[in-house]
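Participant: Next up, final-v5.pdb (PDB, C-alpha atoms).
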ATOM      1  CA  MET G   1     -28.452  22.434   1.123
ATOM      2  CA  THR G   2     -30.644  19.866   2.791
ATOM      3  CA  ALA G   3     -29.557  17.842   5.778
ATOM      4  CA  GLN G   4     -29.191  14.796   3.546
ATOM      5  CA  GLU G   5     -27.059  16.714   1.069
ATOM      6  CA  GLU G   6     -24.857  17.962   3.888
ATOM      7  CA  ALA G   7     -24.464  14.447   5.197
ATOM      8  CA  ASP G   8     -23.576  13.200   1.720
ATOM      9  CA  ALA G   9     -21.060  16.013   1.238
ATOM     10  CA  ALA G  10     -19.390  15.149   4.530
ATOM     11  CA  ARG G  11     -18.690  11.666   3.269
ATOM     12  CA  VAL G  12     -16.706  12.711   0.212
ATOM     13  CA  PHE G  13     -13.485  14.509  -0.587
ATOM     14  CA  GLU G  14     -13.559  16.278  -3.934
ATOM     15  CA  GLY G  15     -16.318  13.992  -5.071
ATOM     16  CA  ILE G  16     -14.730  10.738  -3.913
ATOM     17  CA  PRO G  17     -16.019   8.917  -0.806
ATOM     18  CA  TYR G  18     -13.362   8.848   1.907
ATOM     19  CA  GLU G  19     -13.353   5.089   2.020
ATOM     20  CA  GLU G  20     -12.690   4.984  -1.728
ATOM     21  CA  LEU G  21      -9.751   7.427  -1.768
ATOM     22  CA  ARG G  22      -6.552   5.974  -3.156
ATOM     23  CA  ILE G  23      -3.445   6.614  -1.092
ATOM     24  CA  ASP G  24      -0.441   5.043  -2.778
ATOM     25  CA  THR G  25       2.428   7.498  -2.376
ATOM     26  CA  VAL G  26       3.173  10.184   0.167
ATOM     27  CA  ASP G  27       5.709  12.895  -0.553
ATOM     28  CA  TRP G  28       7.302  14.600   2.445
ATOM     29  CA  LEU G  29       9.524  16.956   0.483
ATOM     30  CA  HIS G  30       7.859  20.061   1.868
ATOM     31  CA  ARG G  31       6.812  18.995   5.353
ATOM     32  CA  GLY G  32       9.203  16.197   6.280
ATOM     33  CA  GLU G  33      11.389  18.425   8.402
ATOM     34  CA  TYR G  34       8.296  19.981   9.959
ATOM     35  CA  ILE G  35       6.938  16.735  11.378
ATOM     36  CA  ARG G  36      10.420  15.591  12.304
ATOM     37  CA  THR G  37      10.937  18.616  14.571
ATOM     38  CA  ARG G  38       7.583  18.908  16.324
ATOM     39  CA  SER G  39       9.126  18.848  19.789
ATOM     40  CA  GLN G  40      11.169  21.939  18.994
ATOM     41  CA  ARG G  41       7.987  23.911  18.339
ATOM     42  CA  LYS G  42       5.479  22.268  20.651
ATOM     43  CA  GLY G  43       7.573  21.236  23.593
ATOM     44  CA  PRO G  44       9.789  18.365  24.692
ATOM     45  CA  ASN G  45       6.854  16.044  25.373
ATOM     46  CA  GLU G  46       5.696  16.152  21.764
ATOM     47  CA  PHE G  47       6.454  13.263  19.460
ATOM     48  CA  ASP G  48       8.847  13.834  16.560
ATOM     49  CA  VAL G  49       7.604  11.872  13.572
ATOM     50  CA  GLU G  50       9.962  10.502  10.968
ATOM     51  CA  PRO G  51       8.392  10.802   7.491
ATOM     52  CA  GLU G  52       8.831   7.049   7.003
ATOM     53  CA  TRP G  53       6.589   6.398  10.002
ATOM     54  CA  ALA G  54       3.955   8.818   8.765
ATOM     55  CA  THR G  55       3.988   7.161   5.363
ATOM     56  CA  GLU G  56       3.684   3.756   6.968
ATOM     57  CA  ALA G  57       0.620   4.917   8.889
ATOM     58  CA  ALA G  58      -0.942   6.499   5.803
ATOM     59  CA  LEU G  59      -0.476   3.269   3.836
ATOM     60  CA  ASP G  60      -1.722   1.006   6.619
ATOM     61  CA  PRO G  61      -4.224  -1.384   4.970
ATOM     62  CA  ARG G  62      -6.517  -0.947   7.984
ATOM     63  CA  ARG G  63      -6.359   2.844   7.983
ATOM     64  CA  LEU G  64      -9.253   5.142   8.741
ATOM     65  CA  VAL G  65      -9.803   8.136   6.492
ATOM     66  CA  GLY G  66     -11.828  11.265   7.157
ATOM     67  CA  PRO G  67     -12.070  15.009   6.698
ATOM     68  CA  GLY G  68      -8.863  16.953   7.286
ATOM     69  CA  SER G  69      -8.210  20.260   8.926
ATOM     70  CA  SER G  70      -9.426  22.162   5.871
ATOM     71  CA  GLU G  71     -11.241  21.524   2.627
ATOM     72  CA  THR G  72      -7.921  20.834   0.932
ATOM     73  CA  SER G  73      -6.845  17.986   3.174
ATOM     74  CA  ILE G  74      -7.850  14.645   4.624
ATOM     75  CA  GLN G  75      -6.743  12.938   7.785
ATOM     76  CA  VAL G  76      -5.681   9.344   8.053
ATOM     77  CA  VAL G  77      -5.310   7.248  11.167
ATOM     78  CA  GLY G  78      -3.084   4.256  10.723
ATOM     79  CA  ARG G  79      -0.435   2.223  12.437
ATOM     80  CA  SER G  80       3.274   2.578  11.881
ATOM     81  CA  THR G  81       5.098  -0.585  12.815
ATOM     82  CA  GLY G  82       8.456   1.167  12.617
ATOM     83  CA  ALA G  83       7.672   4.027  14.981
ATOM     84  CA  PRO G  84       8.721   3.648  18.613
ATOM     85  CA  GLY G  85       5.906   2.597  20.904
ATOM     86  CA  ARG G  86       4.708   4.605  23.871
ATOM     87  CA  ALA G  87       6.198   2.125  26.296
ATOM     88  CA  PRO G  88       9.993   2.069  26.431
ATOM     89  CA  GLY G  89      11.561  -0.630  24.303
ATOM     90  CA  THR G  90       8.467  -1.258  22.204
ATOM     91  CA  THR G  91       7.706  -0.440  18.591
ATOM     92  CA  GLY G  92       4.517   0.389  16.757
ATOM     93  CA  ARG G  93       2.317   3.412  17.185
ATOM     94  CA  VAL G  94      -0.962   4.684  15.809
ATOM     95  CA  LEU G  95      -0.473   8.008  14.059
ATOM     96  CA  LYS G  96      -2.834  10.604  12.686
ATOM     97  CA  VAL G  97      -1.557  12.055   9.426
ATOM     98  CA  TRP G  98      -2.917  14.987   7.405
ATOM     99  CA  LEU G  99      -2.528  14.706   3.640
ATOM    100  CA  VAL G 100      -3.036  17.093   0.735
ATOM    101  CA  PRO G 101      -3.549  15.611  -2.741
ATOM    102  CA  LYS G 102      -1.056  16.325  -5.498
ATOM    103  CA  GLU G 103      -3.828  16.596  -8.026
ATOM    104  CA  ASN G 104      -7.505  17.405  -8.029
ATOM    105  CA  PRO G 105      -9.484  15.275  -7.924
ATOM    106  CA  PRO G 106      -7.092  12.900  -6.159
ATOM    107  CA  SER G 107      -7.413   9.943  -8.511
ATOM    108  CA  SER G 108      -3.710   9.079  -8.853
ATOM    109  CA  GLY G 109      -3.149   8.149  -5.220
ATOM    110  CA  ASP G 110      -0.283  10.644  -4.881
ATOM    111  CA  TRP G 111      -0.375  12.879  -1.790
TER     112      TRP G 111
ATOM    113  CA  MET P   1      29.673  18.613  -5.603
ATOM    114  CA  THR P   2      26.677  16.555  -4.692
ATOM    115  CA  GLU P   3      23.188  17.695  -4.027
ATOM    116  CA  ILE P   4      20.431  15.813  -2.270
ATOM    117  CA  VAL P   5      17.701  15.571  -4.840
ATOM    118  CA  ARG P   6      14.451  13.754  -4.694
ATOM    119  CA  ILE P   7      13.761  11.789  -7.834
ATOM    120  CA  ASP P   8      10.539  13.696  -8.363
ATOM    121  CA  GLU P   9      12.369  16.968  -8.166
ATOM    122  CA  ILE P  10      14.699  16.351 -11.020
ATOM    123  CA  THR P  11      12.240  14.711 -13.296
ATOM    124  CA  GLU P  12       9.616  17.284 -13.753
ATOM    125  CA  GLU P  13       9.817  20.816 -14.930
ATOM    126  CA  ARG P  14      10.477  22.986 -11.935
ATOM    127  CA  PRO P  15       7.203  24.569 -10.904
ATOM    128  CA  MET P  16       6.831  28.264 -11.192
ATOM    129  CA  MET P  17       7.686  30.200  -8.082
ATOM    130  CA  ALA P  18       4.070  31.294  -7.602
ATOM    131  CA  LYS P  19       2.840  27.709  -7.775
ATOM    132  CA  GLU P  20       5.544  26.590  -5.384
ATOM    133  CA  GLN P  21       4.628  29.352  -2.977
ATOM    134  CA  ASN P  22       0.989  28.383  -3.253
ATOM    135  CA  ILE P  23       1.811  24.794  -2.320
ATOM    136  CA  GLN P  24       3.845  25.988   0.643
ATOM    137  CA  ASP P  25       0.997  28.222   1.803
ATOM    138  CA  ILE P  26      -1.582  25.448   1.533
ATOM    139  CA  LEU P  27       0.599  22.980   3.415
ATOM    140  CA  ALA P  28       1.432  25.516   6.111
ATOM    141  CA  GLU P  29      -2.236  26.296   6.625
ATOM    142  CA  VAL P  30      -3.183  22.628   6.757
ATOM    143  CA  ALA P  31      -0.391  21.927   9.252
ATOM    144  CA  GLU P  32      -1.336  24.816  11.483
ATOM    145  CA  ARG P  33      -5.006  23.862  11.518
ATOM    146  CA  ALA P  34      -4.101  20.214  12.020
ATOM    147  CA  GLU P  35      -2.176  21.009  15.183
ATOM    148  CA  GLU P  36      -5.081  23.097  16.474
ATOM    149  CA  THR P  37      -7.733  20.477  15.751
ATOM    150  CA  ARG P  38      -5.731  17.303  16.239
ATOM    151  CA  ASP P  39      -7.808  16.165  19.225
ATOM    152  CA  ASP P  40     -11.185  16.996  17.705
ATOM    153  CA  ALA P  41     -13.527  14.087  17.147
ATOM    154  CA  THR P  42     -13.986  13.432  13.447
ATOM    155  CA  LYS P  43     -16.113  10.946  11.606
ATOM    156  CA  MET P  44     -13.690   8.492  10.017
ATOM    157  CA  TYR P  45     -14.240   5.799   7.412
ATOM    158  CA  ARG P  46     -12.518   2.465   7.003
ATOM    159  CA  SER P  47     -10.555   2.601   3.773
ATOM    160  CA  LYS P  48     -11.707   0.206   1.077
ATOM    161  CA  GLN P  49      -8.725   1.064  -1.089
ATOM    162  CA  PRO P  50      -5.664  -0.469   0.509
ATOM    163  CA  PRO P  51      -2.599   0.257  -1.597
ATOM    164  CA  SER P  52      -2.026  -2.697  -3.908
ATOM    165  CA  ASP P  53       1.689  -2.032  -4.118
ATOM    166  CA  PRO P  54       2.540   0.845  -1.824
ATOM    167  CA  SER P  55       5.213   3.253  -2.955
ATOM    168  CA  GLN P  56       7.296   5.647  -0.996
ATOM    169  CA  VAL P  57       9.321   8.618  -2.127
ATOM    170  CA  TYR P  58      13.003   7.863  -1.719
ATOM    171  CA  SER P  59      15.734  10.492  -1.699
ATOM    172  CA  ILE P  60      19.019   9.844  -3.438
ATOM    173  CA  ARG P  61      22.159  11.895  -3.966
ATOM    174  CA  ILE P  62      22.953  12.695  -7.563
ATOM    175  CA  PRO P  63      25.906  14.851  -8.627
ATOM    176  CA  VAL P  64      24.668  18.194  -9.853
ATOM    177  CA  SER P  65      26.782  17.801 -12.958
ATOM    178  CA  ARG P  66      24.677  14.783 -14.022
ATOM    179  CA  LEU P  67      21.227  16.247 -13.466
ATOM    180  CA  GLU P  68      21.029  18.036 -16.783
ATOM    181  CA  GLY P  69      22.008  14.838 -18.555
ATOM    182  CA  ILE P  70      19.162  13.015 -16.855
ATOM    183  CA  ARG P  71      16.658  15.704 -17.754
ATOM    184  CA  SER P  72      17.908  15.832 -21.321
ATOM    185  CA  LEU P  73      17.742  12.072 -21.838
ATOM    186  CA  ALA P  74      14.259  11.868 -20.367
ATOM    187  CA  ALA P  75      13.122  14.673 -22.661
ATOM    188  CA  LYS P  76      14.502  12.831 -25.691
ATOM    189  CA  ARG P  77      12.577   9.733 -24.701
ATOM    190  CA  GLY P  78       9.460  11.731 -24.019
ATOM    191  CA  VAL P  79       9.155  10.586 -20.430
ATOM    192  CA  LEU P  80       9.399  12.314 -17.106
ATOM    193  CA  PRO P  81      12.819  12.077 -15.479
ATOM    194  CA  THR P  82      11.069  10.567 -12.462
ATOM    195  CA  SER P  83       9.565   7.772 -14.496
ATOM    196  CA  MET P  84      12.830   7.086 -16.279
ATOM    197  CA  LEU P  85      14.871   6.848 -13.080
ATOM    198  CA  ARG P  86      12.248   4.688 -11.413
ATOM    199  CA  SER P  87      12.176   2.284 -14.357
ATOM    200  CA  TRP P  88      15.985   2.121 -14.414
ATOM    201  CA  ILE P  89      16.161   1.233 -10.745
ATOM    202  CA  LEU P  90      13.428  -1.380 -10.938
ATOM    203  CA  GLU P  91      14.872  -2.915 -14.106
ATOM    204  CA  ARG P  92      18.260  -3.218 -12.434
ATOM    205  CA  LEU P  93      16.705  -4.753  -9.349
ATOM    206  CA  ASP P  94      14.879  -7.303 -11.508
ATOM    207  CA  HIS P  95      18.138  -8.065 -13.326
ATOM    208  CA  GLU P  96      20.068  -8.586 -10.083
ATOM    209  CA  GLU P  97      17.383 -10.835  -8.640
ATOM    210  CA  GLN P  98      17.185 -12.921 -11.815
ATOM    211  CA  SER P  99      20.983 -13.200 -11.990
ATOM    212  CA  ALA P 100      21.091 -14.456  -8.439
ATOM    213  CA  GLN P 101      18.508 -17.114  -9.244
ATOM    214  CA  VAL P 102      20.388 -18.236 -12.372
ATOM    215  CA  ALA P 103      23.670 -18.352 -10.517
ATOM    216  CA  GLU P 104      22.138 -20.479  -7.803
ATOM    217  CA  ARG P 105      20.740 -22.928 -10.371
ATOM    218  CA  GLU P 106      24.129 -23.187 -12.093
ATOM    219  CA  ILE P 107      26.113 -23.583  -8.911
ATOM    220  CA  ARG P 108      23.886 -26.043  -7.139
ATOM    221  CA  PRO P 109      25.025 -29.201  -9.019
ATOM    222  CA  THR P 110      28.691 -28.359  -8.534
ATOM    223  CA  ALA P 111      28.159 -27.431  -4.917
ATOM    224  CA  HIS P 112      26.388 -30.701  -4.270
ATOM    225  CA  ALA P 113      29.212 -32.619  -5.943
ATOM    226  CA  VAL P 114      31.795 -30.810  -3.845
ATOM    227  CA  ALA P 115      29.747 -31.270  -0.707
ATOM    228  CA  ALA P 116      29.479 -34.979  -1.392
ATOM    229  CA  GLU P 117      33.222 -35.273  -1.941
ATOM    230  CA  PHE P 118      34.059 -33.384   1.203
ATOM    231  CA  SER P 119      31.410 -34.851   3.449
ATOM    232  CA  SER P 120      33.774 -37.477   4.722
ATOM    233  CA  VAL P 121      36.137 -34.831   6.076
ATOM    234  CA  ARG P 122      33.311 -32.700   7.484
ATOM    235  CA  VAL P 123      33.948 -29.495   5.614
ATOM    236  CA  ARG P 124      30.570 -29.184   3.943
ATOM    237  CA  PRO P 125      29.279 -26.424   6.268
ATOM    238  CA  GLY P 126      32.287 -24.324   5.338
ATOM    239  CA  LEU P 127      31.481 -24.631   1.673
ATOM    240  CA  PHE P 128      28.001 -23.369   2.186
ATOM    241  CA  VAL P 129      29.276 -20.371   4.124
ATOM    242  CA  VAL P 130      31.495 -19.574   1.164
ATOM    243  CA  ARG P 131      28.539 -19.879  -1.164
ATOM    244  CA  GLU P 132      26.432 -17.421   0.820
ATOM    245  CA  ALA P 133      29.205 -14.892   1.037
ATOM    246  CA  GLU P 134      30.130 -14.991  -2.637
ATOM    247  CA  PRO P 135      28.182 -12.512  -4.762
ATOM    248  CA  SER P 136      29.416 -13.834  -8.089
ATOM    249  CA  GLY P 137      28.032 -17.248  -8.881
ATOM    250  CA  ARG P 138      30.459 -17.980 -11.690
ATOM    251  CA  ALA P 139      33.489 -17.060  -9.607
ATOM    252  CA  LEU P 140      32.293 -19.345  -6.856
ATOM    253  CA  GLU P 141      31.621 -22.173  -9.254
ATOM    254  CA  TYR P 142      35.177 -21.836 -10.563
ATOM    255  CA  ARG P 143      36.571 -21.906  -7.038
ATOM    256  CA  LEU P 144      34.481 -24.892  -6.100
ATOM    257  CA  ARG P 145      35.652 -26.802  -9.168
ATOM    258  CA  GLU P 146      39.213 -25.873  -8.373
ATOM    259  CA  ARG P 147      38.858 -27.108  -4.822
ATOM    260  CA  LEU P 148      37.300 -30.289  -6.093
ATOM    261  CA  SER P 149      40.240 -30.797  -8.459
ATOM    262  CA  GLN P 150      42.706 -30.152  -5.649
ATOM    263  CA  HIS P 151      40.888 -32.655  -3.517
ATOM    264  CA  HIS P 152      41.037 -35.233  -6.302
ATOM    265  CA  ARG P 153      44.762 -34.619  -6.752
ATOM    266  CA  ARG P 154      45.416 -35.007  -3.022
ATOM    267  CA  MET P 155      43.384 -38.190  -2.916
ATOM    268  CA  ALA P 156      45.333 -39.507  -5.900
ATOM    269  CA  GLU P 157      48.633 -38.747  -4.134
ATOM    270  CA  VAL P 158      47.503 -40.604  -1.083
TER     271      VAL P 158
END
Let me see the file written as structure tokens.
Facilitator:
Amino acid sequence: MTAQEEADAARVFEGIPYEELRIDTVDWLHRGEYIRTRSQRKGPNEFDVEPEWATEAALDPRRLVGPGSSETSIQVVGRSTGAPGRAPGTTGRVLKVWLVPKENPPSSGDW
Amino acid sequence: MTEIVRIDEITEERPMMAKEQNIQDILAEVAERAEETRDDATKMYRSKQPPSDPSQVYSIRIPVSRLEGIRSLAAKRGVLPTSMLRSWILERLDHEEQSAQVAEREIRPTAHAVAAEFSSVRVRPGLFVVREAEPSGRALEYRLRERLSQHHRRMAEV
């Protein structure tokens, strides 16, 4: 694979450019409890993420999308307006969310 | 007995155990790697596909005894249980919203008449509080007319 081909491949997920990926629904059936209990596994300073906040970040119209932690996933950086802010008494936080598509290629927008 | 069931879960054929296990394995691997690499710099792209009408999975409680009925009815109609339940909920929401608009249109003339009658005794704000609290437009219209009649009778007595 040439350098150009590698660069092109890095820009797409299952044939679709990251910026063109549809993200319409996010299903937390399997991992909702996992992200909700992060502090129990990682330590008390870790942030427990309610699935609603993660969904909000994933659906943020200004989100950034890029390669995930494996070939089967993408990562999305977006803002959740409902999540508590870092400063006490504030709301809104930028979250990084990893998503796996429900179908391949991910044309339906369901993750 | 009630079971927490996601709409998706009851609408589609339950996946085979192997498929389910495969999904669990993939998600577990992604999660583990995500935690390990969460601070790594990654080239990101600004999405050009903002969701036109974002959806979110919503969990509801449905009695176990009714689940089979839902699956059966969806099968008869040739649709997924998920799609059927979603359409039911949205249709009902549309109906409620339209009913509220119709009720408001029907009540408004009567409410204005009552408000005009009562303005001299400064009770109009109270009437509007009643209107906001009353979910049934027709019931409110009846009560408003009744109050208007009572007011007319009292005025006639005076």
Participant: Let me make sure I understand: among P:Asp53, P:Glu104, P:Lys48, P:Glu157, which one has the smallest atom-to-atom distance to Leu21 in chain G if we use all atoms listed in the file?
Facilitator: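 For Leu21 in chain G, the nearest of the candidates is P:Lys48.
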Participant: Between G:Arg93, G:Gly85, G:Glu33, G:Pro105, which one has atoms that come closest to Pro17 in chain G, using all atoms listed in the file?
Facilitator: G:Pro105
Participant: May I ask which of the residues P:Thr42, P:Ser65, P:Gln24, P:Thr37 is the closest one to Val65 in chain G, counting only C-alpha atoms?
Facilitator: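 Of the candidates, the smallest distance to Val65 in chain G is held by P:Thr42.
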Participant: Apply the PyMOL selection byres ((chain G and resi 19) around 10) to the structure shown and report the selected residues as a PyMOL selection string.
Facilitator: (chain G and resi 11-13+16-18+20-22+63-66) or (chain P and resi 44-50)
Participant: Mind pulling up the distance from CA of Asn45 in chain G to CA of Arg86 in chain G?
Facilitator: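 Spanning CA of Arg86 in chain G to CA of Asn45 in chain G is a straight-line distance of 11.7 Å.
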Participant: Take the PyMOL selection byres ((chain G) within 8 of (chain P)), apply it to the structure above, and return the hits as a VMD selection string.
Facilitator: chain G and resid 18 to 31 55 59 to 70 72 to 73 98 100
Participant: What does the distance from CA of Gly109 in chain G to CA of Ile74 in chain G come to in Å, to one decimal?
Facilitator: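 Distance reported for this atom pair: 12.7 Å.
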